[in-house]
Every structure is written in structure tokens, then in C-alpha cells.
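What follows is one structure encoded as C-alpha cells, with my remarks underneath.
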Amino acid sequence: MTMLAVTVGPPSPNSGALEKVPEPDPAEGSILCETIAVGVDGTDNEIVEGKYGEAPPGTGRLILGHESLGRVLEAPAGSGFAPGELVVGFVRRPDPEPCDSCAAGEWDMCRNGLYTERGIKGRHGYLSERFRIEPEFAVKPDPALGRLAVLTEPTSVVAKAWEHVERIGRRAVWEPSRALVTGAGPLGLLGAMLGRQRGLDVHVLDVVDTGLKPKLARDLGATYHAGSLDDVAGLFDVVIDCTGVGPLVFHAIDHLAPDGVMCLTGISPAGRTLPLDVDTLNKQMVLNNNVVFGSVNANRRHYEQAADALAWADRGWLDRLVTRWMPLAAWMEALGRRDGDVKTVVEIGRI
Ligand code: BGC
Ligand code: ZN
């Protein structure tokens, strides 16, 4: 038996193809799922462009896709999963050594870089008609979410960011009230949603001033700003950057309140340089007790937080966040950016 999958041959650019591949290897997990939906993001684009990604050892081809939603076809007794249930598989697997973090289930904090990631680094992803998953690397989303549960993985990334912001905040007496999210893409908007769920006064900054993004931000109860950070008044207790735009990241430090914490979640191509008064920046951060930290990936706790947050979220709002549902045959179009896109999802099966 074979199935259809989108595969790539990193680091070759534009090597993506929809092709027939063998059924998922039982070594990939005891639970067999039919794939319902797979979200695509910038990481997938980089992999297709040959700038990122790594095939499993010895194969040369990698099945793409890391934002999963499947429905169980077969699950062994005692696995905690039953046929018909929805599942979301995790992206990262601990390194084999493992380092202290991975040994403690915090593979998102891996210290030796030997971790693997499904659809990204050394392990097949989910962009295929079926996939397998290990019960210990999966969560059950709220069934009422239906296909929108495909948003669990991107939400887990910002759930981790918020969790770490709060852990850092607890170093002192801290009652955050104002938060800024830079970037109104899917991650930024989901990050803003988590801020609103915490009851914070959330501000979202992006470059566009028309279309769906401002509306989605405002419908969360957040304040939307288009253009320059200099036009945004007041200081922020929390900043979550979802742009990876270096100059903006450093500019945002200026807008941190005393004791303020800033989390960086984005990356962008290297090479931008900036004249920067680093002594003033240093002084400001010292005198304000500021923390600026990076955050990547997510562990089980964050997927559970994401599943809870999505269960609480406004279904209609989540539905508008996904601006395109594309069939597997149109995978290439799905990866291409279009004006007005917020989130694109490849829809493979029906619920
Ligand atoms: C994924 C993360 C992953 C990161 C780096 C992101 O697109 O959502 O899970 O750790 O890429 O590979
Ligand atoms: Zn590790």
C-alpha cells in the first residue's frame, strides 16, 4: 500500500513534490491516523526553498508538515486513544542522549541540539494521507473544535512564550497589565488571544492597516496599531515579538516598562545592521530590571495549555483566522503567500 505525501529533498531548493510513498512506518508510533488537516507556516516555506530542514538519515526525502490534526484509525488497547478520536501530534522528539532538559520532558529546551522535529529535522512530518504517532507525543483537542484543532501546534508555541514570560515575571512582585504583540500573523494573533484570555490590555502592532488582521485583533478586544512603534503611547509589561524583524525587536526594548519582560519568537534572514546606542540600551535594561529572552517549540504542557485555550476561544474568530483551506493536490499554492492570507491549512480528510 502507498499513500500520497508532500516530500522535499533538503537542502535542494524547490525540490517539493506530491508523490506516492510507503504507508507510515510502525516505528513512528503505535497509533495510526488518517490526516484531517496540516497547517503551513514560514518554516515550511524555508524548507521548500532549501534554506532549512533535514531528511531522516539515509533517505534524502522528508515528508513535510509539522502542524497536525488526525483522526485515529487504529490504536492499541491501553494507549489512551480510541478509533475516531481527534489527535494532534507533537513536533519535537527528545535527543537520544538525552540532555537534562530532554530527560525531563522539556525537549523544547534541548541543550545539545540533537533533538529531531517532525516535518523539519530528521523525521517525517504529517503532510500525507495517513501518519503514525506515539501516544506519549500527542494530545486530544476539544472535539467541538473540529478541523480548527489544527491550530493547536501554532498555539502551543505562543502558550510556551506566555508561560515563560509569567515564570520570569514571578522573580518579583508583578502584576502585568499592558501587553504588546508585534506582528499580526497567525502566531501574533494567537499570542494576542492568549493575552486577552489572561485579562490583559493587549496591543497588536503590524504594518498593514486594512484587511482582516486589524479586524481580528480588534475583535479579540485588543487595540490595533499600524505602522511605527513610536506612535504607540505608553510602556508595556509584556512584549511578545512574532516578527523576527531585528530592528523592531531592539526598538521594542525602549517600550518596556520597569520589570517588563520581552519574548522573541520569530526569526528572519540574517544581515540587517543598525547603528545602535548599546550603552544606553544596556543602562536602560539594567535600571528597568528588563528581561529579553528567546523561545522556540513547545512541550506537552504547552500543547495542553494550547488545547485548553482553543477550547475557550471564540469558534467564529478561529474560523476567520484560517483564510484558506486547500486540498492536498494544491499544496504548492497553499505554501505560496497571497494578499489577505492569515493562516493557510491543507485539508486532507473530512471530519
Ligand atoms: C515550529 C516549531 C519548531 C521551529 C524550529 C516552527 O515552525 O512550529 O515547533 O521548533 O519551527 O524548527
Ligand atoms: Zn536534549
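Labels for the C-alpha cells follow display order: chains A, B, ..., residues from 1 in each chain, ligands from 1.
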When you look at Lys160 in chain A with a cut-off of 6 Å (counting only C-alpha atoms), what residues show up, excluding the ones that are within fewer than 2 positions of it in the same chain? I need them as an MDAnalysis selection string. chainID A and resid 157:158 162:163 298 302
Include N, CA and C atoms and write out the residues we just selected as an mmCIF file, in the first residue's frame.
```
data_model
loop_
_atom_site.group_PDB
_atom_site.id
_atom_site.type_symbol
_atom_site.label_atom_id
_atom_site.label_comp_id
_atom_site.auth_asym_id
_atom_site.auth_seq_id
_atom_site.Cartn_x
_atom_site.Cartn_y
_atom_site.Cartn_z
ATOM 1 N N VAL A 157 3.140 27.107 20.588
ATOM 2 C CA VAL A 157 4.375 27.915 20.540
ATOM 3 C C VAL A 157 4.188 29.214 21.337
ATOM 4 N N VAL A 158 3.038 29.863 21.187
ATOM 5 C CA VAL A 158 2.805 31.097 21.956
ATOM 6 C C VAL A 158 2.376 30.794 23.394
ATOM 7 N N TRP A 162 4.112 32.636 26.587
ATOM 8 C CA TRP A 162 3.405 33.254 27.715
ATOM 9 C C TRP A 162 3.769 32.581 29.041
ATOM 10 N N GLU A 163 3.877 31.253 29.025
ATOM 11 C CA GLU A 163 4.234 30.554 30.270
ATOM 12 C C GLU A 163 5.593 31.030 30.781
ATOM 13 N N ALA A 298 7.679 23.688 21.797
ATOM 14 C CA ALA A 298 6.740 23.509 22.909
ATOM 15 C C ALA A 298 6.822 22.082 23.416
ATOM 16 N N HIS A 302 2.689 22.668 27.132
ATOM 17 C CA HIS A 302 2.247 23.785 26.281
ATOM 18 C C HIS A 302 1.179 23.358 25.283
#
```
Spatial neighbours of Leu276 in chain A, max dist 10 Å, only C-alpha atoms, sep filter under 5 positions, as a PyMOL selection string: chain A and resi 247+250-251+281
Within 7 Å of ligand 1 (counting only C-alpha atoms and all ligand atoms), which residues show up? I'd like them as a ChimeraX atom specification. /A:41-43,66,91-92,117,120,153-154,157,296-298
Which residue gives the smallest distance to Asp308 in chain A among A:Pro22, A:Gly105, A:Pro143, A:Pro76, with only C-alpha atoms counted? A:Pro143
So which residues are near ligand 2, meaning at most 6 Å away with only C-alpha atoms and all ligand atoms counted, given back as a ChimeraX atom specification? /A:94-95,98-99,101-102,107,110-112,115
File dump, residues just selected, N, CA and C atoms, as an mmCIF file, in the first residue's frame:
```
data_model
loop_
_atom_site.group_PDB
_atom_site.id
_atom_site.type_symbol
_atom_site.label_atom_id
_atom_site.label_comp_id
_atom_site.auth_asym_id
_atom_site.auth_seq_id
_atom_site.Cartn_x
_atom_site.Cartn_y
_atom_site.Cartn_z
ATOM 1 N N PRO A 94 12.736 14.207 21.856
ATOM 2 C CA PRO A 94 13.963 14.442 22.630
ATOM 3 C C PRO A 94 15.197 13.885 21.928
ATOM 4 N N ASP A 95 16.319 14.466 22.244
ATOM 5 C CA ASP A 95 17.560 13.948 21.679
ATOM 6 C C ASP A 95 17.829 12.581 22.297
ATOM 7 N N PRO A 98 19.802 11.378 26.596
ATOM 8 C CA PRO A 98 19.314 12.725 26.316
ATOM 9 C C PRO A 98 19.956 13.723 27.261
ATOM 10 N N CYS A 99 19.876 15.016 26.896
ATOM 11 C CA CYS A 99 20.356 16.075 27.792
ATOM 12 C C CYS A 99 19.397 16.180 28.983
ATOM 13 N N SER A 101 17.386 18.494 29.960
ATOM 14 C CA SER A 101 16.062 19.026 29.613
ATOM 15 C C SER A 101 15.218 17.946 28.942
ATOM 16 N N CYS A 102 15.787 17.304 27.929
ATOM 17 C CA CYS A 102 15.036 16.265 27.216
ATOM 18 C C CYS A 102 14.656 15.133 28.157
ATOM 19 N N TRP A 107 11.873 18.825 25.978
ATOM 20 C CA TRP A 107 12.650 18.766 24.737
ATOM 21 C C TRP A 107 12.678 20.110 24.027
ATOM 22 N N CYS A 110 15.953 21.699 24.720
ATOM 23 C CA CYS A 110 17.098 20.809 24.466
ATOM 24 C C CYS A 110 18.408 21.589 24.434
ATOM 25 N N ARG A 111 19.430 20.994 25.079
ATOM 26 C CA ARG A 111 20.677 21.720 25.231
ATOM 27 C C ARG A 111 21.796 21.270 24.310
ATOM 28 N N ASN A 112 21.616 20.099 23.656
ATOM 29 C CA ASN A 112 22.718 19.669 22.789
ATOM 30 C C ASN A 112 22.376 19.739 21.300
ATOM 31 N N TYR A 115 18.037 17.072 19.156
ATOM 32 C CA TYR A 115 16.604 16.774 19.041
ATOM 33 C C TYR A 115 16.252 16.607 17.565
#
```
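Proximity to Pro269 in chain A was assessed for A:Thr210, A:Ala307, A:Leu4, A:Gly246 counting only C-alpha atoms; the smallest distance is recorded for A:Gly246.
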What's around range 322-326 of chain A at 7 Å? Count only C-alpha atoms, leave out sequence neighbours fewer than 4 positions away in its own chain, and write the answer as number ranges by chain. A: 318, 330, 334, 341-347
Could you write out that same residue set with N, CA and C atoms as a compact mmCIF listing (two decimals), in the first residue's frame?
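The resulting file, result.txt, is shown below:
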```txt
# COMPACT_ATOMS: atom_id res chain seq x y z
N LEU A 318 -11.76 31.93 15.47
CA LEU A 318 -10.75 30.96 14.99
C LEU A 318 -11.02 30.62 13.52
N ALA A 330 -3.26 20.82 -4.09
CA ALA A 330 -2.89 22.23 -4.27
C ALA A 330 -1.86 22.66 -3.24
N ALA A 334 -0.85 26.35 -1.61
CA ALA A 334 -1.08 26.56 -0.18
C ALA A 334 0.15 27.21 0.45
N ASP A 341 -3.95 36.73 3.12
CA ASP A 341 -3.79 35.47 3.87
C ASP A 341 -3.53 35.76 5.33
N VAL A 342 -4.15 35.00 6.20
CA VAL A 342 -3.68 34.96 7.57
C VAL A 342 -3.10 33.56 7.77
N LYS A 343 -3.95 32.56 7.92
CA LYS A 343 -3.44 31.19 8.07
C LYS A 343 -3.93 30.32 6.92
N THR A 344 -3.05 29.51 6.38
CA THR A 344 -3.44 28.55 5.34
C THR A 344 -3.29 27.13 5.89
N VAL A 345 -4.29 26.32 5.61
CA VAL A 345 -4.28 24.93 6.08
C VAL A 345 -4.54 24.01 4.89
N VAL A 346 -3.79 22.92 4.81
CA VAL A 346 -4.07 21.89 3.81
C VAL A 346 -5.06 20.92 4.45
N GLU A 347 -6.19 20.77 3.78
CA GLU A 347 -7.25 19.91 4.33
C GLU A 347 -7.22 18.59 3.57
```
Might you pull out every residue within 8 Å of Ala306 in chain A, with only C-alpha atoms counted and same-chain residues fewer than 4 positions away left off, and present them as a ChimeraX atom specification? /A:152-153,155-156,159,302,310
Within 12 Å of range 180-188 of chain A: each range 220-295 of chain A residue with its shortest pair, only C-alpha atoms, as JSON lines:
```
{"residue": "A:Ala222", "atom": "CA", "partner": "A:Leu180", "partner_atom": "CA", "distance": 9.6}
{"residue": "A:Thr223", "atom": "CA", "partner": "A:Leu180", "partner_atom": "CA", "distance": 9.4}
{"residue": "A:Tyr224", "atom": "CA", "partner": "A:Ala184", "partner_atom": "CA", "distance": 9.1}
{"residue": "A:His225", "atom": "CA", "partner": "A:Thr182", "partner_atom": "CA", "distance": 9.5}
{"residue": "A:Ala226", "atom": "CA", "partner": "A:Ala184", "partner_atom": "CA", "distance": 10.0}
{"residue": "A:Gly227", "atom": "CA", "partner": "A:Thr182", "partner_atom": "CA", "distance": 10.8}
{"residue": "A:Ser228", "atom": "CA", "partner": "A:Thr182", "partner_atom": "CA", "distance": 10.7}
{"residue": "A:Leu229", "atom": "CA", "partner": "A:Thr182", "partner_atom": "CA", "distance": 9.1}
{"residue": "A:Val232", "atom": "CA", "partner": "A:Leu180", "partner_atom": "CA", "distance": 9.8}
{"residue": "A:Ala233", "atom": "CA", "partner": "A:Leu180", "partner_atom": "CA", "distance": 11.2}
{"residue": "A:Gly234", "atom": "CA", "partner": "A:Leu180", "partner_atom": "CA", "distance": 10.4}
{"residue": "A:Leu235", "atom": "CA", "partner": "A:Leu180", "partner_atom": "CA", "distance": 9.0}
{"residue": "A:Phe236", "atom": "CA", "partner": "A:Leu180", "partner_atom": "CA", "distance": 6.3}
{"residue": "A:Asp237", "atom": "CA", "partner": "A:Leu180", "partner_atom": "CA", "distance": 8.2}
{"residue": "A:Val238", "atom": "CA", "partner": "A:Leu180", "partner_atom": "CA", "distance": 6.2}
{"residue": "A:Val239", "atom": "CA", "partner": "A:Leu180", "partner_atom": "CA", "distance": 4.7}
{"residue": "A:Ile240", "atom": "CA", "partner": "A:Val181", "partner_atom": "CA", "distance": 4.8}
{"residue": "A:Asp241", "atom": "CA", "partner": "A:Thr182", "partner_atom": "CA", "distance": 4.8}
{"residue": "A:Cys242", "atom": "CA", "partner": "A:Gly183", "partner_atom": "CA", "distance": 5.1}
{"residue": "A:Thr243", "atom": "CA", "partner": "A:Gly183", "partner_atom": "CA", "distance": 5.1}
{"residue": "A:Gly244", "atom": "CA", "partner": "A:Gly183", "partner_atom": "CA", "distance": 8.9}
{"residue": "A:Val245", "atom": "CA", "partner": "A:Gly183", "partner_atom": "CA", "distance": 9.4}
{"residue": "A:Gly246", "atom": "CA", "partner": "A:Thr182", "partner_atom": "CA", "distance": 11.7}
{"residue": "A:Leu248", "atom": "CA", "partner": "A:Thr182", "partner_atom": "CA", "distance": 8.5}
{"residue": "A:Val249", "atom": "CA", "partner": "A:Thr182", "partner_atom": "CA", "distance": 8.7}
{"residue": "A:Phe250", "atom": "CA", "partner": "A:Thr182", "partner_atom": "CA", "distance": 12.0}
{"residue": "A:His251", "atom": "CA", "partner": "A:Thr182", "partner_atom": "CA", "distance": 11.2}
{"residue": "A:Ala252", "atom": "CA", "partner": "A:Thr182", "partner_atom": "CA", "distance": 8.8}
{"residue": "A:Ile253", "atom": "CA", "partner": "A:Leu180", "partner_atom": "CA", "distance": 11.3}
{"residue": "A:His255", "atom": "CA", "partner": "A:Leu180", "partner_atom": "CA", "distance": 9.2}
{"residue": "A:Leu256", "atom": "CA", "partner": "A:Leu180", "partner_atom": "CA", "distance": 9.3}
{"residue": "A:Ala257", "atom": "CA", "partner": "A:Leu180", "partner_atom": "CA", "distance": 11.1}
{"residue": "A:Gly260", "atom": "CA", "partner": "A:Leu180", "partner_atom": "CA", "distance": 11.0}
{"residue": "A:Val261", "atom": "CA", "partner": "A:Leu180", "partner_atom": "CA", "distance": 10.6}
{"residue": "A:Met262", "atom": "CA", "partner": "A:Leu180", "partner_atom": "CA", "distance": 9.2}
{"residue": "A:Cys263", "atom": "CA", "partner": "A:Val181", "partner_atom": "CA", "distance": 9.6}
{"residue": "A:Leu264", "atom": "CA", "partner": "A:Thr182", "partner_atom": "CA", "distance": 9.8}
{"residue": "A:Thr265", "atom": "CA", "partner": "A:Leu187", "partner_atom": "CA", "distance": 8.9}
{"residue": "A:Gly266", "atom": "CA", "partner": "A:Leu187", "partner_atom": "CA", "distance": 9.3}
```
Apply DSSP to the structure's backbone, then extract all residues of range 19-67 of chain A labelled alpha helix (DSSP H) and return them as a VMD selection string. chain A and resid 42 to 48
What does the distance from CA of Gly16 in chain A to CA of Val48 in chain A come to in Å, to one decimal?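 A separation of 6.0 Å between them.
As for CA of Ala55 in chain A and CA of Arg118 in chain A, they are spaced 9.9 Å apart.
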DSSP on the backbone, strand (DSSP E or B) only: what residues of range 107-206 of chain A does that give? Format it as a list of chain:residue names.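 The residues of range 107-206 of chain A classed as strand (DSSP E or B) are A:Thr116, A:Glu117, A:Arg118, A:Lys121, A:Gly122, A:Arg123, A:Ser128, A:Arg130, A:Phe131, A:Arg132, A:Ile133, A:Ala138, A:Val139, A:Arg178, A:Ala179, A:Leu180, A:Val181, A:Thr182, A:Asp201, A:Val202, A:His203, A:Val204, A:Leu205, A:Asp206.
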I'd like the interatomic distance between CA of Asn288 in chain A and CA of Arg272 in chain A, to a tenth of an Å.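 CA of Arg272 in chain A lies 26.8 Å from CA of Asn288 in chain A.
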With distances taken over only C-alpha atoms, which residue among A:Val8, A:Ile351, A:Ala161, A:Leu321 lies nearest Leu212 in chain A? A:Leu321
Might you pull out every residue within 7 Å of Phe137 in chain A, with only C-alpha atoms counted and same-chain residues fewer than 4 positions away left off, and present them as number ranges by chain? A: 89-90, 133
